[in-house]
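As stored in protein-v7.cif (mmCIF, C-alpha atoms and all ligand atoms):
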```cif
data_run
#
loop_
_atom_site.label_atom_id
_atom_site.label_comp_id
_atom_site.auth_asym_id
_atom_site.auth_seq_id
_atom_site.Cartn_x
_atom_site.Cartn_y
_atom_site.Cartn_z
CA LEU A 947 -19.46 11.84 -1.51
CA ALA A 948 -17.60 14.92 -0.31
CA VAL A 949 -14.75 14.15 2.03
CA SER A 950 -11.79 16.29 2.75
CA VAL A 951 -8.84 14.05 2.11
CA ALA A 952 -5.61 15.67 3.17
CA ALA A 953 -6.95 17.20 6.36
CA LYS A 954 -7.91 13.93 7.99
CA SER A 955 -4.71 11.94 7.85
CA SER A 956 -4.02 10.23 11.15
CA SER A 957 -0.65 10.33 12.80
CA GLY A 958 -0.19 7.46 15.18
CA GLY A 959 -3.17 7.23 17.54
CA TRP A 960 -5.37 4.16 18.02
CA PRO A 961 -7.92 3.51 16.69
CA PRO A 962 -6.46 5.14 13.61
CA GLY A 963 -8.38 7.42 11.26
CA PRO A 964 -9.57 6.42 7.80
CA ILE A 965 -6.74 8.14 5.92
CA PRO A 966 -3.17 6.85 6.29
CA HIS A 967 -0.29 9.05 7.29
CA THR A 968 2.36 6.84 5.74
CA VAL A 969 2.09 6.37 1.98
CA PHE A 970 4.42 5.23 -0.76
CA GLY A 971 4.93 5.75 -4.48
CA GLU A 972 3.20 2.56 -5.64
CA PRO A 973 -0.53 1.88 -5.26
CA CYS A 974 0.09 -1.81 -4.44
CA LEU A 975 1.91 -0.74 -1.25
CA ASP A 976 -0.83 1.64 -0.13
CA PHE A 977 -3.35 -1.11 -0.85
CA VAL A 978 -1.51 -3.85 1.06
CA ASN A 979 -1.03 -1.46 4.01
CA SER A 980 -4.78 -0.85 4.23
CA ARG A 981 -4.91 -3.69 6.77
CA PHE A 982 -2.53 -3.51 9.70
CA ALA A 983 -1.94 -4.37 13.32
CA ASP A 984 -1.58 -1.87 16.17
CA TYR A 985 2.11 -0.90 16.03
CA ARG A 986 2.13 -0.53 19.84
CA GLY A 987 1.51 -4.26 20.21
CA SER A 988 -2.06 -4.39 21.57
CA GLY A 989 -2.86 -7.12 19.04
CA ALA A 990 -5.73 -5.08 17.60
CA GLU A 991 -6.12 -5.00 13.84
CA PHE A 992 -7.58 -2.33 11.61
CA ASP A 993 -8.91 -2.59 8.06
CA ARG A 994 -9.33 0.61 6.09
CA LEU A 995 -10.68 -1.24 3.04
CA ASP A 996 -14.00 -1.53 4.87
CA ILE A 997 -14.23 2.26 5.22
CA ALA A 998 -15.83 4.25 2.37
CA GLU A 999 -13.74 7.30 3.20
CA TRP A 1000 -10.52 5.33 2.71
CA ARG A 1001 -11.78 3.93 -0.60
CA HIS A 1002 -12.58 7.45 -1.77
CA TRP A 1003 -9.12 8.65 -0.74
CA PHE A 1004 -7.38 5.68 -2.37
CA LEU A 1005 -9.23 5.99 -5.70
CA ALA A 1006 -8.60 9.75 -5.83
CA ARG A 1007 -4.93 9.43 -4.87
CA TRP A 1008 -4.21 7.03 -7.72
CA ASN A 1009 -6.75 8.42 -10.18
CA PHE A 1010 -8.58 5.08 -10.37
CA GLN A 1011 -12.17 4.94 -11.61
CA ALA A 1012 -14.44 2.72 -9.50
CA PRO A 1013 -17.53 3.17 -7.36
CA ILE A 1014 -16.87 4.00 -3.71
CA ARG A 1015 -19.83 1.86 -2.69
CA VAL A 1016 -18.97 -1.82 -2.95
CA THR A 1017 -20.78 -5.09 -2.51
CA ALA A 1018 -19.65 -7.63 0.07
CA GLU A 1019 -18.50 -9.79 -2.85
CA THR A 1020 -16.24 -7.03 -4.22
CA ILE A 1021 -14.74 -6.43 -0.77
CA ASP A 1022 -14.09 -10.16 -0.53
CA GLN A 1023 -12.33 -10.15 -3.93
CA LEU A 1024 -10.26 -7.12 -2.95
CA LYS A 1025 -9.18 -8.78 0.28
CA GLN A 1026 -8.11 -11.91 -1.59
CA VAL A 1027 -6.01 -9.81 -3.95
CA ARG A 1028 -4.56 -7.91 -1.00
CA SER A 1029 -3.45 -11.16 0.70
CA LEU A 1030 -1.87 -12.36 -2.53
CA LEU A 1031 -0.04 -9.05 -3.05
CA ARG A 1032 1.18 -9.04 0.55
CA GLU A 1033 2.53 -12.55 0.12
CA LEU A 1034 4.29 -11.56 -3.12
CA LEU A 1035 5.67 -8.31 -1.74
CA SER A 1036 6.95 -9.78 1.51
CA SER A 1037 8.71 -12.80 0.00
CA PRO A 1038 10.75 -11.41 -2.86
CA GLY A 1039 11.97 -14.83 -3.99
CA ARG A 1040 10.63 -16.63 -7.02
CA VAL A 1041 6.91 -16.19 -7.74
CA SER A 1042 5.23 -19.61 -7.93
CA GLU A 1043 3.58 -20.73 -11.18
CA GLN A 1044 0.30 -20.96 -9.30
CA ASN A 1045 0.55 -17.29 -8.26
CA ILE A 1046 1.54 -16.28 -11.81
CA ARG A 1047 -1.66 -17.96 -13.03
CA ARG A 1048 -3.66 -16.15 -10.34
CA LEU A 1049 -2.22 -12.78 -11.41
CA ASN A 1050 -2.88 -13.47 -15.09
CA ARG A 1051 -6.47 -14.48 -14.37
CA ARG A 1052 -7.04 -11.17 -12.60
CA LEU A 1053 -5.39 -9.21 -15.41
CA ALA A 1054 -7.58 -10.97 -17.96
CA GLY A 1055 -10.61 -9.69 -16.03
CA SER A 1056 -9.83 -6.13 -17.15
CA PRO A 1057 -8.96 -5.64 -20.82
CA SER A 1058 -7.57 -2.21 -21.69
CA LYS A 1059 -7.09 -0.07 -24.77
CA TRP A 1060 -4.53 2.52 -25.79
CA HIS A 1061 -5.73 6.09 -25.63
CA ILE A 1062 -4.07 9.21 -26.99
CA GLU A 1063 -5.04 12.74 -26.01
CA SER A 1064 -3.74 16.26 -26.42
CA LEU A 1065 -2.43 18.24 -23.47
CA PRO A 1066 -2.33 22.04 -23.26
CA ALA A 1067 0.35 23.33 -25.64
CA LYS A 1068 3.66 24.40 -24.13
CA ARG A 1069 5.68 27.17 -25.83
CA SER A 1070 3.37 26.74 -28.85
CA GLN A 1071 4.42 23.06 -29.07
CA ALA A 1072 1.57 20.60 -29.31
CA ARG A 1073 1.82 17.91 -26.62
CA LEU A 1074 0.24 14.49 -26.54
CA ALA A 1075 -0.17 11.87 -23.84
CA ILE A 1076 -0.60 8.19 -24.56
CA GLU A 1077 -1.73 5.67 -21.99
CA LEU A 1078 -3.45 2.35 -21.47
CA ARG A 1079 -6.98 2.79 -20.16
CA PRO A 1080 -9.33 0.10 -18.89
CA MET A 1081 -12.16 -0.74 -21.33
CA ASP A 1082 -14.51 -1.09 -18.41
CA PRO A 1083 -13.52 1.03 -15.38
CA GLY A 1084 -14.39 -0.48 -11.99
CA TRP A 1085 -12.83 -2.53 -9.24
CA ASP A 1086 -11.62 -5.22 -11.68
CA SER A 1087 -9.61 -2.54 -13.45
CA VAL A 1088 -8.30 -1.27 -10.10
CA ILE A 1089 -7.16 -4.82 -9.32
CA ALA A 1090 -5.39 -4.96 -12.69
CA CYS A 1091 -3.67 -1.63 -11.94
CA LEU A 1092 -2.54 -2.99 -8.55
CA ILE A 1093 -1.02 -6.05 -10.23
CA VAL A 1094 0.70 -3.79 -12.77
CA SER A 1095 2.04 -1.76 -9.82
CA PHE A 1096 3.45 -4.95 -8.27
CA GLY A 1097 4.85 -5.82 -11.71
CA ARG A 1098 6.68 -2.49 -11.88
CA LEU A 1099 8.43 -3.31 -8.60
CA ALA A 1100 9.09 -6.93 -9.51
CA THR A 1101 10.55 -6.16 -12.94
CA SER A 1102 12.87 -3.44 -11.62
CA ASP A 1103 15.09 -3.68 -8.53
CA GLY A 1104 12.20 -2.10 -6.58
CA LEU A 1105 11.14 -5.31 -4.86
CA ALA A 1106 14.42 -5.49 -2.94
CA ARG A 1107 13.53 -2.08 -1.47
CA VAL A 1108 10.18 -3.26 -0.14
CA ARG A 1109 10.57 -4.40 3.46
CA ARG A 1110 8.55 -4.98 6.57
CA CYS A 1111 8.82 -2.37 9.31
CA GLY A 1112 11.53 -3.12 11.92
CA ASN A 1113 8.96 -2.92 14.73
CA PRO A 1114 7.90 -6.57 15.22
CA ASP A 1115 4.38 -5.47 16.22
CA CYS A 1116 3.94 -3.42 13.03
CA THR A 1117 2.76 -5.08 9.83
CA PHE A 1118 3.45 -2.16 7.48
CA LEU A 1119 5.46 -2.76 4.34
CA PHE A 1120 7.52 0.25 3.32
CA PHE A 1121 9.52 1.25 0.28
CA ASP A 1122 13.08 2.15 1.21
CA ASP A 1123 14.00 5.18 -0.87
CA SER A 1124 16.95 6.17 1.32
CA PRO A 1125 20.22 6.57 -0.66
CA ASN A 1126 21.99 3.74 1.22
CA GLY A 1127 18.99 1.44 1.62
CA THR A 1128 19.11 1.76 5.42
CA ARG A 1129 15.52 2.72 6.23
CA ARG A 1130 14.17 0.56 9.07
CA TRP A 1131 10.76 1.93 10.00
CA CYS A 1132 7.49 2.60 8.22
CA GLU A 1133 7.46 5.84 10.20
CA ALA A 1134 10.42 6.77 12.39
CA ALA A 1135 8.27 9.10 14.53
CA ASN A 1136 6.01 6.20 15.55
CA CYS A 1137 7.69 2.79 15.22
CA GLY A 1138 11.31 4.02 15.43
CA ASN A 1139 10.69 6.02 18.60
CA LEU A 1140 8.64 3.24 20.18
CA VAL A 1141 11.26 0.50 19.61
CA ASN A 1142 14.16 2.76 20.64
CA ALA A 1143 12.34 3.78 23.84
CA ARG A 1144 11.65 0.10 24.64
CA ARG A 1145 15.32 -0.77 24.11
CA PHE A 1146 16.38 2.13 26.28
CA ARG A 1147 14.10 1.00 29.13
CA ALA A 1148 15.30 -2.60 28.77
CA SER A 1149 18.96 -1.60 28.94
CA LYS A 1150 18.25 0.55 32.02
CA ARG A 1151 16.61 -2.45 33.72
CA ARG A 1152 19.62 -4.63 32.85
CA ASN A 1153 22.02 -2.04 34.26
CA ARG A 1154 20.02 -1.78 37.49
CA ARG A 1155 20.16 -5.56 37.96
CA ARG A 1156 23.95 -5.59 37.68
ZN ZN B 1201 5.97 0.45 11.55
#
```
Any chance you could give the structure as structure tokens?
Ligand SMILES: [Zn+2]
Amino acid sequence: LAVSVAAKSSSGGWPPGPIPHTVFGEPCLDFVNSRFADYRGSGAEFDRLDIAEWRHWFLARWNFQAPIRVTAETIDQLKQVRSLLRELLSSPGRVSEQNIRRLNRRLAGSPSKWHIESLPAKRSQARLAIELRPMDPGWDSVIACLIVSFGRLATSDGLARVRRCGNPDCTFLFFDDSPNGTRRWCEAANCGNLVNARRFRASKRRNRRR
């Protein structure tokens, strides 16, 4: 399946394109954001997980090995995991024992093995890479990688930097990588401008009434 990935990213229209414009440094965030509401408040929802082009983009972006074609059952599983991850990412309190069990069950569905390989030598120094690889690549292993991605955030102070966009109509979760932790929007050019313009119009109306 040949799709050009970078060229087709959408930038704020509706309905949106298959490839997101706003992405973050953890696959669990890109995955959770694959379903979202219209940030302009129409109430419409969009689900990129159902689109083969998005799946291709997502797998390539994170170097995950799984078939782009999926059964309805796999899509259903992926959507369940996405709901669970959204719940965990948007309520950074304690993770319930029930959810811990759910995560461990999913992880157990994809055993992995250590793999060592040589990289091209640098200044005549031999270089090696070592990594955990799934025994059986596929969507179960992608799910395990997504849980590991959540785990990276949850076991560092990263989870405190995951927040919901300040536009009440927008369901995007973003990672705040600003130095002071003051980021408010998934995308300032879309949600920031929209909310600021609304506030400006509302304050003008108030002033006129006075
Ligand atoms: Zn937003």
- [ ] Compute the set of protein, DNA and RNA residues whose minimum atom distance to ligand ZN 1201 (chain B) is at most 12 Å, using all atoms listed in the file, and state it as a ChimeraX atom specification.
- [x] /A:957-958,967-969,979,982-987,1109-1121,1129-1141
- [ ] Calculate how many Å separate atom CA of Trp1008 of chain A from atom CA of Asp1082 of chain A, rounding to one decimal.
- [x] 16.9 Å
TODO: Could you please determine the separation between atom CA of Ile1089 of chain A and atom CA of Pro962 of chain A in Å, to one decimal place?
DONE: 25.0 Å
Between segment 1072-1109 of chain A and segment 1041-1064 of chain A, at 6 Å or less, what are the per-residue closest atom pairs and their distances in Å? Count all atoms listed in the file, order by chain and rising residue number, and return it as a Markdown table.
```
| residue | atom | partner | partner_atom | distance |
| --- | --- | --- | --- | --- |
| A:Arg1073 | CA | A:Ser1064 | CA | 5.8 |
| A:Leu1074 | CA | A:Ser1064 | CA | 4.4 |
| A:Ala1075 | CA | A:Glu1063 | CA | 5.4 |
| A:Ile1076 | CA | A:Ile1062 | CA | 4.4 |
| A:Glu1077 | CA | A:His1061 | CA | 5.4 |
| A:Leu1078 | CA | A:Trp1060 | CA | 4.5 |
| A:Arg1079 | CA | A:Ser1058 | CA | 5.3 |
| A:Pro1080 | CA | A:Ser1058 | CA | 4.0 |
| A:Met1081 | CA | A:Ser1058 | CA | 4.8 |
| A:Asp1086 | CA | A:Ser1056 | CA | 5.8 |
| A:Ser1087 | CA | A:Ser1056 | CA | 5.2 |
| A:Ala1090 | CA | A:Leu1053 | CA | 5.0 |
```
Open item on the list: Would you compute the distance between atom CA of Ser1102 of chain A and atom CA of Pro1083 of chain A? Give it in Å to one decimal.
Closed with: 27.0 Å
Task: Residue contacts of Ala1012 of chain A (8 Å, only C-alpha atoms) excluding same-chain residues fewer than 6 positions away, as a ChimeraX atom specification - done: /A:1005,1083-1085,1088
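The smallest atom-to-atom distance between Ser988 of chain A and any of A:Ala1018, A:Trp960, A:Arg1152, A:Val1108, using all atoms listed in the file, is found for A:Trp960.
Residues in contact with Leu1105 of chain A at up to 9 Å, not including ones fewer than 2 positions away on its chain and judged by all atoms listed in the file, are Leu1035, Ser1036, Pro1038, Phe1096, Arg1098, Leu1099, Ala1100, Thr1101, Ser1102, Asp1103, Arg1107, Val1108, Arg1109 and Phe1121 of chain A.
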Using the structure block above, produce a file of segment 1057-1128 of chain A that contains C-alpha atoms, as a tab-separated table (two decimals), in the first residue's frame.
```tsv
chain	number	residue	atom	x	y	z
A	1057	PRO	CA	5.76	-11.97	24.75
A	1058	SER	CA	9.03	-10.42	23.58
A	1059	LYS	CA	12.68	-11.38	23.36
A	1060	TRP	CA	15.91	-9.44	23.60
A	1061	HIS	CA	17.67	-8.87	20.31
A	1062	ILE	CA	21.17	-7.56	19.68
A	1063	GLU	CA	22.42	-6.32	16.34
A	1064	SER	CA	25.39	-4.49	14.91
A	1065	LEU	CA	25.08	-0.97	13.54
A	1066	PRO	CA	27.40	0.58	10.94
A	1067	ALA	CA	30.78	1.24	12.56
A	1068	LYS	CA	31.57	4.81	13.57
A	1069	ARG	CA	35.20	6.00	13.53
A	1070	SER	CA	36.21	2.32	13.20
A	1071	GLN	CA	34.38	1.58	16.48
A	1072	ALA	CA	31.99	-1.34	16.34
A	1073	ARG	CA	28.51	-0.35	17.54
A	1074	LEU	CA	25.72	-2.55	18.81
A	1075	ALA	CA	22.05	-1.96	19.51
A	1076	ILE	CA	20.05	-4.02	21.96
A	1077	GLU	CA	16.28	-3.97	22.16
A	1078	LEU	CA	13.21	-5.93	23.13
A	1079	ARG	CA	11.37	-7.25	20.09
A	1080	PRO	CA	7.97	-8.92	19.99
A	1081	MET	CA	8.13	-12.70	19.42
A	1082	ASP	CA	5.09	-12.45	17.22
A	1083	PRO	CA	4.70	-9.05	15.51
A	1084	GLY	CA	1.11	-7.92	14.95
A	1085	TRP	CA	-1.56	-5.79	16.56
A	1086	ASP	CA	-1.18	-7.55	19.93
A	1087	SER	CA	2.44	-6.45	19.97
A	1088	VAL	CA	1.41	-2.92	18.97
A	1089	ILE	CA	-1.01	-2.90	21.92
A	1090	ALA	CA	1.84	-4.00	24.21
A	1091	CYS	CA	4.04	-1.19	22.85
A	1092	LEU	CA	1.23	1.32	23.51
A	1093	ILE	CA	0.96	0.14	27.11
A	1094	VAL	CA	4.74	0.40	27.48
A	1095	SER	CA	4.47	3.94	26.09
A	1096	PHE	CA	1.86	4.78	28.74
A	1097	GLY	CA	4.15	3.13	31.30
A	1098	ARG	CA	7.03	5.40	30.30
A	1099	LEU	CA	4.85	8.44	31.02
A	1100	ALA	CA	3.40	7.00	34.22
A	1101	THR	CA	6.75	5.97	35.70
A	1102	SER	CA	8.38	9.34	34.98
A	1103	ASP	CA	6.87	12.77	35.68
A	1104	GLY	CA	5.54	12.70	32.11
A	1105	LEU	CA	1.94	12.00	33.07
A	1106	ALA	CA	1.64	15.38	34.80
A	1107	ARG	CA	2.49	16.96	31.43
A	1108	VAL	CA	-0.34	15.21	29.61
A	1109	ARG	CA	-3.41	17.44	29.57
A	1110	ARG	CA	-6.60	17.95	27.69
A	1111	CYS	CA	-6.73	20.86	25.26
A	1112	GLY	CA	-8.08	24.11	26.78
A	1113	ASN	CA	-10.77	24.34	24.10
A	1114	PRO	CA	-13.80	22.67	25.75
A	1115	ASP	CA	-15.00	21.39	22.35
A	1116	CYS	CA	-11.65	19.71	21.62
A	1117	THR	CA	-10.92	16.23	22.93
A	1118	PHE	CA	-7.20	16.17	22.09
A	1119	LEU	CA	-4.73	15.21	24.78
A	1120	PHE	CA	-1.39	16.97	24.40
A	1121	PHE	CA	2.03	16.64	25.96
A	1122	ASP	CA	3.19	19.93	27.43
A	1123	ASP	CA	6.88	20.23	26.60
A	1124	SER	CA	7.03	23.99	27.22
A	1125	PRO	CA	9.77	24.99	29.72
A	1126	ASN	CA	7.28	26.40	32.26
A	1127	GLY	CA	4.50	23.87	31.72
A	1128	THR	CA	2.13	26.57	30.44
```
